[in-house]
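Novice: Provided herewith: structure-v4.cif, mmCIF, C-alpha atoms and all ligand atoms.
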data_my_file
#
loop_
_atom_site.label_atom_id
_atom_site.label_comp_id
_atom_site.auth_asym_id
_atom_site.auth_seq_id
_atom_site.Cartn_x
_atom_site.Cartn_y
_atom_site.Cartn_z
CA MET A 511 -125.80 200.76 -12.64
CA CYS A 512 -128.65 200.18 -10.32
CA THR A 513 -132.22 199.11 -10.78
CA GLU A 514 -135.37 198.35 -8.92
CA PRO A 515 -136.51 201.02 -6.56
CA THR A 516 -137.63 199.95 -3.10
CA ALA A 517 -140.92 201.81 -2.96
CA LYS A 518 -139.98 205.20 -1.57
CA PRO A 519 -141.54 208.34 -3.02
CA VAL A 520 -138.37 210.35 -3.54
CA ARG A 521 -135.57 208.93 -5.61
CA GLU A 522 -132.68 211.17 -4.73
CA GLU A 523 -130.35 208.94 -6.75
CA ARG A 524 -132.22 210.02 -9.86
CA ARG A 525 -131.72 213.76 -9.44
CA SER A 526 -129.39 215.73 -11.67
CA ALA A 527 -125.91 216.46 -10.41
CA ARG A 528 -125.63 219.41 -8.06
CA GLU A 529 -123.01 221.89 -9.18
CA GLU A 530 -122.03 222.99 -5.71
CA VAL A 531 -119.37 221.16 -3.76
CA GLU A 532 -120.49 220.19 -0.27
CA GLU A 533 -118.46 219.25 2.79
CA VAL A 534 -120.34 216.17 4.01
CA ALA A 535 -117.93 215.40 6.85
CA PRO A 536 -114.90 217.36 8.08
CA GLY A 537 -112.47 217.39 5.18
CA VAL A 538 -114.63 215.19 2.93
CA LEU A 539 -116.05 216.98 -0.10
CA ARG A 540 -118.87 215.64 -2.23
CA MET A 541 -118.76 216.54 -5.91
CA GLN A 542 -121.73 215.27 -7.89
CA LEU A 543 -120.91 214.41 -11.48
CA PRO A 544 -123.56 214.03 -14.18
CA ILE A 545 -124.49 210.61 -15.44
CA SER A 546 -127.49 209.28 -17.26
CA LEU A 547 -128.11 205.62 -16.58
CA PRO A 548 -131.35 203.81 -15.72
CA GLY A 549 -132.56 205.35 -12.46
CA LEU A 550 -129.44 207.45 -11.91
CA GLY A 551 -128.82 211.17 -12.50
CA HIS A 552 -125.41 211.63 -10.92
CA VAL A 553 -122.54 209.84 -9.22
CA ASN A 554 -120.90 211.17 -6.06
CA CYS A 555 -117.18 211.71 -6.29
CA TYR A 556 -115.64 212.28 -2.85
CA ALA A 557 -112.50 214.40 -2.51
CA MET A 558 -110.16 214.50 0.46
CA GLN A 559 -107.03 216.57 0.86
CA ASP A 560 -103.82 215.85 2.71
CA LYS A 561 -100.27 217.23 2.64
CA ARG A 562 -99.48 215.43 -0.61
CA GLY A 563 -102.60 216.63 -2.38
CA VAL A 564 -106.02 215.25 -3.23
CA THR A 565 -107.53 211.77 -3.27
CA LEU A 566 -110.74 211.14 -5.21
CA VAL A 567 -113.16 208.27 -4.74
CA ASP A 568 -115.16 207.27 -7.86
CA PRO A 569 -114.45 209.96 -10.45
CA GLY A 570 -117.43 209.31 -12.74
CA LEU A 571 -118.07 208.24 -16.32
CA PRO A 572 -115.47 208.45 -19.08
CA GLY A 573 -115.49 211.37 -21.50
CA PRO A 574 -115.00 215.11 -21.66
CA ARG A 575 -118.34 216.04 -20.12
CA THR A 576 -117.46 214.42 -16.82
CA TYR A 577 -113.90 215.69 -16.96
CA ARG A 578 -115.21 219.23 -17.40
CA ALA A 579 -117.67 218.85 -14.53
CA LEU A 580 -114.95 217.45 -12.29
CA SER A 581 -112.56 220.28 -13.21
CA GLN A 582 -115.22 222.90 -12.45
CA ARG A 583 -116.02 221.42 -9.08
CA MET A 584 -112.36 221.04 -8.16
CA LYS A 585 -111.80 224.65 -9.12
CA SER A 586 -114.71 225.91 -7.06
CA ALA A 587 -113.29 223.97 -4.10
CA GLY A 588 -109.92 225.65 -4.64
CA LEU A 589 -108.24 222.38 -5.57
CA PRO A 590 -106.06 222.32 -8.70
CA MET A 591 -106.52 219.15 -10.78
CA LYS A 592 -102.79 218.54 -10.76
CA ARG A 593 -102.94 218.07 -7.00
CA ILE A 594 -104.82 214.78 -7.44
CA HIS A 595 -102.41 212.00 -6.47
CA THR A 596 -104.71 209.04 -5.82
CA VAL A 597 -108.00 207.73 -7.16
CA ILE A 598 -109.92 205.00 -5.36
CA VAL A 599 -112.49 203.04 -7.33
CA THR A 600 -115.23 201.29 -5.36
CA HIS A 601 -116.08 198.82 -8.15
CA SER A 602 -115.80 197.97 -11.82
CA HIS A 603 -118.69 199.97 -13.28
CA PRO A 604 -117.99 202.77 -15.74
CA ASP A 605 -119.82 205.45 -13.75
CA HIS A 606 -117.25 204.83 -11.01
CA PHE A 607 -113.98 204.22 -12.83
CA GLY A 608 -114.54 206.18 -16.06
CA GLN A 609 -112.13 209.07 -15.50
CA VAL A 610 -109.32 206.98 -14.09
CA GLY A 611 -107.56 206.60 -17.44
CA ALA A 612 -107.61 210.35 -18.07
CA LEU A 613 -106.39 211.20 -14.58
CA LYS A 614 -103.67 208.59 -14.74
CA ASN A 615 -102.44 209.83 -18.08
CA ARG A 616 -102.45 213.47 -17.12
CA PHE A 617 -101.29 213.33 -13.53
CA GLY A 618 -99.84 209.88 -12.99
CA VAL A 619 -102.24 209.18 -10.15
CA GLU A 620 -102.15 206.07 -8.04
CA VAL A 621 -105.20 203.88 -8.75
CA VAL A 622 -106.53 201.89 -5.82
CA THR A 623 -109.09 199.08 -6.16
CA HIS A 624 -109.99 195.84 -4.49
CA LYS A 625 -107.56 193.08 -5.44
CA SER A 626 -110.20 191.31 -7.54
CA PHE A 627 -110.98 194.42 -9.59
CA ARG A 628 -111.39 193.95 -13.28
CA THR A 629 -113.63 195.37 -15.95
CA PHE A 630 -115.25 193.35 -18.67
CA LEU A 631 -113.15 195.41 -21.05
CA ASP A 632 -109.98 194.14 -19.50
CA PRO A 633 -107.99 192.36 -22.20
CA GLU A 634 -106.49 190.03 -19.62
CA ALA A 635 -109.86 189.01 -18.33
CA GLU A 636 -109.93 185.61 -20.01
CA GLU A 637 -106.45 184.68 -18.90
CA ASP A 638 -107.37 185.55 -15.35
CA GLU A 639 -110.49 183.44 -15.38
CA GLN A 640 -108.98 180.45 -13.65
CA ASP A 641 -107.41 182.46 -10.86
CA LEU A 642 -110.54 184.44 -10.27
CA GLN A 643 -112.67 181.37 -9.87
CA VAL A 644 -110.26 179.91 -7.38
CA SER A 645 -109.78 183.12 -5.45
CA SER A 646 -113.53 183.57 -5.11
CA GLY A 647 -113.48 180.54 -2.86
CA LYS A 648 -116.66 179.40 -4.55
CA PRO A 649 -115.98 177.72 -7.85
CA ILE A 650 -118.85 177.98 -10.26
CA ASP A 651 -121.09 174.93 -10.07
CA SER A 652 -119.92 172.93 -13.03
CA ASP A 653 -123.15 170.96 -13.34
CA GLN A 654 -125.50 173.83 -13.66
CA THR A 655 -124.25 177.27 -14.44
CA ALA A 656 -120.77 176.89 -15.85
CA ALA A 657 -121.96 174.10 -18.12
CA THR A 658 -123.83 176.74 -20.02
CA ASP A 659 -120.76 178.88 -20.67
CA SER A 660 -120.90 177.88 -24.30
CA ASN A 661 -124.19 179.71 -24.49
CA VAL A 662 -122.43 182.95 -23.70
CA LEU A 663 -120.16 182.44 -26.64
CA ASP A 664 -122.95 181.91 -29.14
CA GLY A 665 -125.08 184.85 -28.07
CA LEU A 666 -127.24 183.19 -25.45
CA THR A 667 -127.40 183.96 -21.75
CA PRO A 668 -126.43 181.28 -19.21
CA TRP A 669 -130.16 180.59 -18.73
CA GLY A 670 -130.77 180.11 -22.44
CA GLY A 671 -132.47 183.39 -23.29
CA ALA A 672 -131.46 185.83 -26.01
CA ARG A 673 -128.53 187.98 -25.06
CA TYR A 674 -129.14 191.65 -24.35
CA GLN A 675 -128.08 194.01 -27.09
CA LEU A 676 -126.42 197.14 -25.86
CA PRO A 677 -127.78 200.37 -27.28
CA LEU A 678 -125.56 201.55 -30.11
CA GLN A 679 -124.27 204.61 -28.30
CA ARG A 680 -123.01 202.56 -25.38
CA LYS A 681 -121.54 199.98 -27.71
CA VAL A 682 -119.54 202.65 -29.46
CA GLY A 683 -118.48 204.14 -26.15
CA TYR A 684 -117.25 200.80 -24.88
CA TRP A 685 -115.52 200.08 -28.18
CA LEU A 686 -113.66 203.38 -27.89
CA MET A 687 -112.68 202.57 -24.34
CA ARG A 688 -111.44 199.17 -25.36
CA LYS A 689 -109.42 200.55 -28.23
CA GLY A 690 -107.90 202.97 -25.80
CA ALA A 691 -109.11 205.90 -27.88
CA GLY A 692 -108.29 205.85 -25.33
CA LYS A 693 -105.94 207.79 -23.31
CA PHE A 694 -108.94 209.82 -22.39
CA MET A 695 -111.24 206.90 -21.81
CA GLY A 696 -108.78 204.10 -21.16
CA THR A 697 -109.78 201.42 -18.71
CA PRO A 698 -108.00 201.69 -15.42
CA ALA A 699 -105.05 199.54 -14.54
CA PRO A 700 -104.89 199.58 -10.75
CA THR A 701 -101.50 200.45 -9.28
CA ARG A 702 -102.50 199.25 -5.84
CA ARG A 703 -104.90 196.38 -5.17
CA VAL A 704 -106.08 196.21 -1.60
CA ASP A 705 -107.45 193.33 0.41
CA ASP A 706 -110.23 193.24 2.96
CA ASN A 707 -109.18 194.99 6.20
CA ASP A 708 -106.22 196.80 4.64
CA VAL A 709 -105.85 200.29 6.03
CA LEU A 710 -105.49 203.33 3.78
CA GLU A 711 -104.49 206.77 4.96
CA ILE A 712 -106.47 209.32 3.04
CA GLY A 713 -107.12 212.93 3.84
CA GLY A 714 -105.78 212.60 7.35
CA ARG A 715 -108.12 209.73 8.16
CA GLU A 716 -107.53 206.02 8.44
CA TRP A 717 -109.88 204.07 6.22
CA THR A 718 -110.34 200.32 6.46
CA ALA A 719 -111.05 198.56 3.18
CA VAL A 720 -114.23 196.49 3.50
CA HIS A 721 -114.67 193.99 0.68
CA THR A 722 -118.40 193.84 -0.05
CA PRO A 723 -119.10 191.49 -2.98
CA GLY A 724 -122.66 191.20 -4.31
CA HIS A 725 -123.41 194.09 -6.65
CA THR A 726 -120.04 193.25 -8.17
CA LYS A 727 -117.50 190.75 -6.97
CA ASP A 728 -114.86 193.46 -6.55
CA HIS A 729 -116.94 195.97 -4.58
CA LEU A 730 -115.08 197.89 -1.92
CA CYS A 731 -116.43 200.11 0.88
CA LEU A 732 -114.23 202.39 2.97
CA TRP A 733 -114.77 202.63 6.69
CA ASP A 734 -113.36 205.34 8.93
CA GLN A 735 -113.90 203.90 12.37
CA ASP A 736 -112.70 206.94 14.34
CA GLY A 737 -114.72 209.39 12.27
CA GLY A 738 -117.81 207.15 12.05
CA LEU A 739 -117.93 207.33 8.24
CA MET A 740 -118.69 204.71 5.62
CA ILE A 741 -118.12 205.33 1.94
CA SER A 742 -120.57 202.74 0.67
CA GLY A 743 -120.26 202.88 -3.13
CA ASP A 744 -123.27 201.15 -4.70
CA HIS A 745 -123.43 198.52 -1.95
CA VAL A 746 -125.79 200.47 0.30
CA LEU A 747 -127.76 203.29 -1.32
CA PRO A 748 -130.37 205.55 0.30
CA THR A 749 -133.58 204.60 -1.56
CA ILE A 750 -132.77 202.08 -4.28
CA THR A 751 -131.11 198.69 -4.26
CA PRO A 752 -128.16 197.82 -6.48
CA HIS A 753 -128.53 195.43 -9.38
CA ILE A 754 -127.52 191.88 -8.48
CA SER A 755 -126.34 190.19 -11.62
CA GLY A 756 -126.62 186.48 -12.21
CA MET A 757 -123.95 186.86 -14.89
CA GLY A 758 -121.19 187.32 -12.34
CA GLU A 759 -118.27 185.07 -11.54
CA THR A 760 -119.54 183.57 -8.32
CA ALA A 761 -122.13 180.84 -7.92
CA ASP A 762 -124.44 182.75 -5.59
CA PRO A 763 -123.99 186.53 -5.80
CA LEU A 764 -127.13 187.09 -3.75
CA ALA A 765 -125.65 185.12 -0.84
CA ASP A 766 -122.48 187.19 -1.21
CA PHE A 767 -124.59 190.34 -1.11
CA PHE A 768 -126.44 189.20 2.04
CA ASP A 769 -123.12 188.47 3.76
CA SER A 770 -121.80 191.87 2.74
CA LEU A 771 -124.93 193.56 4.11
CA ASP A 772 -124.48 191.70 7.40
CA ARG A 773 -120.96 193.06 7.47
CA MET A 774 -122.39 196.60 7.39
CA LYS A 775 -124.55 195.78 10.39
CA GLU A 776 -121.60 194.54 12.38
CA LEU A 777 -119.25 197.49 11.96
CA PRO A 778 -119.61 199.76 14.98
CA GLY A 779 -119.93 203.49 15.24
CA VAL A 780 -120.95 204.51 11.71
CA ASN A 781 -122.82 207.80 11.94
CA THR A 782 -122.70 208.90 8.35
CA VAL A 783 -122.98 206.86 5.18
CA LEU A 784 -121.58 208.40 2.02
CA PRO A 785 -123.12 206.54 -0.93
CA ALA A 786 -122.12 206.73 -4.59
CA HIS A 787 -125.59 207.92 -5.59
CA GLY A 788 -127.98 210.05 -3.54
CA LEU A 789 -127.34 211.98 -0.35
CA ASP A 790 -125.51 211.07 2.84
CA PHE A 791 -127.59 209.35 5.47
CA SER A 792 -127.41 207.72 8.89
CA GLY A 793 -128.72 204.35 10.07
CA LEU A 794 -126.45 202.05 8.09
CA ALA A 795 -127.52 198.88 9.92
CA ASP A 796 -131.21 199.61 9.43
CA ARG A 797 -130.76 200.38 5.76
CA ALA A 798 -128.71 197.20 5.25
CA GLU A 799 -131.47 195.19 6.93
CA ALA A 800 -134.16 196.88 4.81
CA ILE A 801 -132.29 195.91 1.65
CA LYS A 802 -132.06 192.31 2.86
CA GLU A 803 -135.77 192.33 3.59
CA HIS A 804 -136.47 193.65 0.10
CA HIS A 805 -134.67 190.66 -1.39
CA ARG A 806 -136.32 188.21 0.99
CA GLU A 807 -139.68 189.51 -0.23
CA ARG A 808 -138.59 189.00 -3.79
CA LEU A 809 -137.52 185.45 -3.06
CA GLN A 810 -141.00 184.89 -1.66
CA VAL A 811 -142.55 186.27 -4.87
CA LEU A 812 -140.66 183.58 -6.77
CA ARG A 813 -141.81 180.83 -4.38
CA ASP A 814 -145.40 182.06 -4.70
CA ALA A 815 -145.19 182.18 -8.49
CA SER A 816 -143.77 178.70 -8.75
CA GLY A 817 -147.11 177.02 -8.06
CA GLU A 818 -148.65 178.54 -11.17
CA LEU A 819 -145.59 178.43 -13.35
CA GLY A 820 -144.58 174.87 -12.64
CA GLN A 821 -141.33 174.52 -14.54
CA GLY A 822 -140.86 178.20 -15.28
CA THR A 823 -138.11 179.79 -17.33
CA VAL A 824 -136.09 182.72 -16.04
CA ASN A 825 -138.14 184.93 -18.33
CA ASP A 826 -141.41 183.59 -16.84
CA TYR A 827 -140.23 184.34 -13.33
CA MET A 828 -138.86 187.73 -14.33
CA LYS A 829 -142.36 188.76 -15.41
CA ARG A 830 -143.62 188.01 -11.90
CA LEU A 831 -140.77 189.82 -10.23
CA PHE A 832 -140.53 193.02 -12.27
CA LYS A 833 -142.94 195.57 -13.65
CA GLU A 834 -143.23 195.47 -17.42
CA ARG A 835 -141.26 198.68 -17.91
CA SER A 836 -138.22 196.98 -16.39
CA TRP A 837 -138.39 193.76 -18.39
CA GLY A 838 -135.19 192.97 -20.21
CA SER A 839 -131.85 191.39 -19.76
CA MET A 840 -130.91 193.17 -16.52
CA ALA A 841 -134.17 192.04 -14.95
CA GLU A 842 -133.62 188.50 -16.26
CA SER A 843 -130.10 188.47 -14.89
CA GLU A 844 -131.30 189.55 -11.44
CA THR A 845 -134.11 186.98 -11.54
CA PHE A 846 -131.55 184.32 -12.45
CA ALA A 847 -129.44 185.33 -9.41
CA HIS A 848 -132.48 184.91 -7.15
CA LEU A 849 -133.48 181.56 -8.68
CA GLU A 850 -129.94 180.24 -8.37
CA HIS A 851 -129.87 181.38 -4.74
CA LEU A 852 -132.96 179.26 -4.05
CA ARG A 853 -131.63 176.34 -6.07
CA ILE A 854 -128.35 176.35 -4.13
CA ALA A 855 -130.37 176.53 -0.88
CA GLY A 856 -132.12 173.34 -2.00
CA GLU A 857 -135.53 174.92 -2.53
CA ALA A 858 -135.66 174.69 -6.30
CA GLU A 859 -134.53 172.32 -8.98
CA VAL A 860 -133.41 173.16 -12.44
CA SER A 861 -133.97 171.18 -15.61
CA THR A 862 -132.98 171.97 -19.13
CA GLU A 863 -135.05 171.99 -22.26
CA GLY A 864 -132.55 172.32 -25.04
CA ARG A 865 -130.51 175.11 -23.59
CA LEU A 866 -133.35 176.75 -21.74
CA LEU A 867 -133.22 176.43 -17.97
CA ARG A 868 -136.49 175.73 -16.16
CA TYR A 869 -136.88 176.12 -12.39
CA GLU A 870 -139.31 174.18 -10.30
CA PHE A 871 -139.74 174.51 -6.55
CA SER A 872 -139.82 171.46 -4.37
ZN ZN B 901 -122.45 199.77 -9.79
ZN ZN B 902 -123.18 203.19 -9.47
#
Would you give me this structure, written as structure tokens?
Ligand SMILES: [Zn+2]
Ligand SMILES: [Zn+2]
Specialist:
Amino acid sequence: MCTEPTAKPVREERRSAREEVEEVAPGVLRMQLPISLPGLGHVNCYAMQDKRGVTLVDPGLPGPRTYRALSQRMKSAGLPMKRIHTVIVTHSHPDHFGQVGALKNRFGVEVVTHKSFRTFLDPEAEEDEQDLQVSSGKPIDSDQTAATDSNVLDGLTPWGGARYQLPLQRKVGYWLMRKGAGKFMGTPAPTRRVDDNDVLEIGGREWTAVHTPGHTKDHLCLWDQDGGLMISGDHVLPTITPHISGMGETADPLADFFDSLDRMKELPGVNTVLPAHGLDFSGLADRAEAIKEHHRERLQVLRDASGELGQGTVNDYMKRLFKERSWGSMAESETFAHLEHLRIAGEAEVSTEGRLLRYEFS
């Protein structure tokens, strides 16, 4: 679930899934699984083997098509499906966790996520709300954003716009997942929730869990210091930037994302980055900085637009930030995240007209 290319000619994240299994680092196999989401043609599932069997990272979308593709690739790598003992999920998007239910049901796999992992399909989500806000360390600003929670309930976004309607096919898919139709598509219940800096032994390597909130609050990267590897999920991708949603649980997801990108720059010795979409690459620190720069430029676009817009709505600013083909709720949500970032930094003020938020720069 990523949007907004960063102006490079080749979008490797968009290409169809390769059928061949490739060893991208000693003992680390990349299996590309087909997906079809905006801007994305595949998701990378990484497989590592140890004495106990196989660990997978991010086993793709729910449904039989992905399961078949995964089985074929496992077979061609000489790995029986029943050898899978652990699945690690980098974050709570369906192209990353989709097969967890099926694998858990069939093989009783261990499911590892960050401790804050939850999907929006999680029936316990509402009960957890309080805890999650506290554990984020950044309670939602009750004056501005949380005050509009009632909007969410009556079909409006937190910024007062109309709520995005999911295409029917996805609605049905999500409904099936929620109903647990389930065994095959069931949402994952983690069996092990890890914290930042926890160490996991996978495939004969020691991986440090690196909590990288921003794209989602529960995003996890895996760092093998000795081997110089970083499994980066959607946090750092080769040519596109992940969607930053203003609908998340923290007050300033863009600030979280910046901090998480700085984290990537600080970790020493990474030679190879293994992203969830696109090919492996080197230069993690440079790529993290380029993504930050991309967002700084977009913040400047908002500042520049503010003179003309005066008290602009999120939708007004979105039209300055995104090309028309991208207009919609995801673009609005990302614009909202950027506007809130500037408001929290003291650069913008928000006022309400009815339920519609209007942002003006000081
Ligand atoms: Zn994602
Ligand atoms: Zn993704």
Novice: Measure the distance from atom CA of A:Val553 to atom CA of A:Asp736 in Å and round it to one decimal.
Specialist: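 Calculated distance between atom CA of A:Val553 and atom CA of A:Asp736 is 25.7 Å.
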Novice: So, with all atoms listed in the file as the atoms that count, which of A:Met757, A:Val599, A:Ala765, A:Ala535 lies closest to ligand ZN 901 (chain B)?
Specialist: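 Among the listed residues, the smallest separation from ligand ZN 901 (chain B) belongs to A:Val599.
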Novice: When you count all atoms listed in the file, which of these residues is closest to ligand ZN 902 (chain B): A:Asp744, A:Glu532, A:Asp772, A:Asp790?
Specialist: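 When distances to ligand ZN 902 (chain B) are compared using all atoms listed in the file, the smallest one comes from A:Asp744.
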Novice: Stretch 801-818 of chain A: which residues within 9 Å, counting all atoms listed in the file, same-chain residues fewer than 2 positions away excluded, as a PyMOL selection string?
Specialist: chain A and resi 516+746+750-751+764+767-768+771-772+796-799+820-822+827-828+830-831+845+848-849+851-852+857-858+869-871
Novice: Using all atoms listed in the file, can you tell me which of A:Thr629, A:Thr862, A:Thr701, A:Gln735 comes closest to ligand ZN 901 (chain B)?
Specialist: A:Thr629
Novice: Could you list the protein, DNA and RNA residues that have any atom within 10 Å of ligand ZN 901 (chain B), counting all atoms listed in the file, and write them as an NGL selection string?
Specialist: :A and (511-513 or 600-606 or 725-726 or 729 or 743-745 or 752-754 or 786-787)
Novice: Between A:Arg578, A:Arg525, A:Arg868, A:His552, which has the minimum distance to ligand ZN 902 (chain B) (counting all atoms listed in the file)?
Specialist: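 Among the listed residues, the smallest separation from ligand ZN 902 (chain B) belongs to A:His552.
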Novice: Mind pulling up the distance from atom CA of A:Pro700 to atom CA of A:Arg540?
Specialist: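 Interatomic distance, atom CA of A:Arg540 to atom CA of A:Pro700: 22.9 Å.
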Novice: Given all atoms listed in the file as the basis, pick out the residue of A:Pro536, A:Gly856, A:Gly549, A:Gly724 nearest to A:Arg521.
Specialist: A:Gly549
Novice: A:Phe617: which residues within 8 Å, counting only C-alpha atoms, same-chain residues fewer than 6 positions away excluded, as a compact mmCIF listing (two decimals) with C-alpha atoms, in the frame of the given file?
Specialist:
# COMPACT_ATOMS: atom_id res chain seq x y z
CA LYS A 592 -102.79 218.54 -10.76
CA ILE A 594 -104.82 214.78 -7.44
CA HIS A 595 -102.41 212.00 -6.47
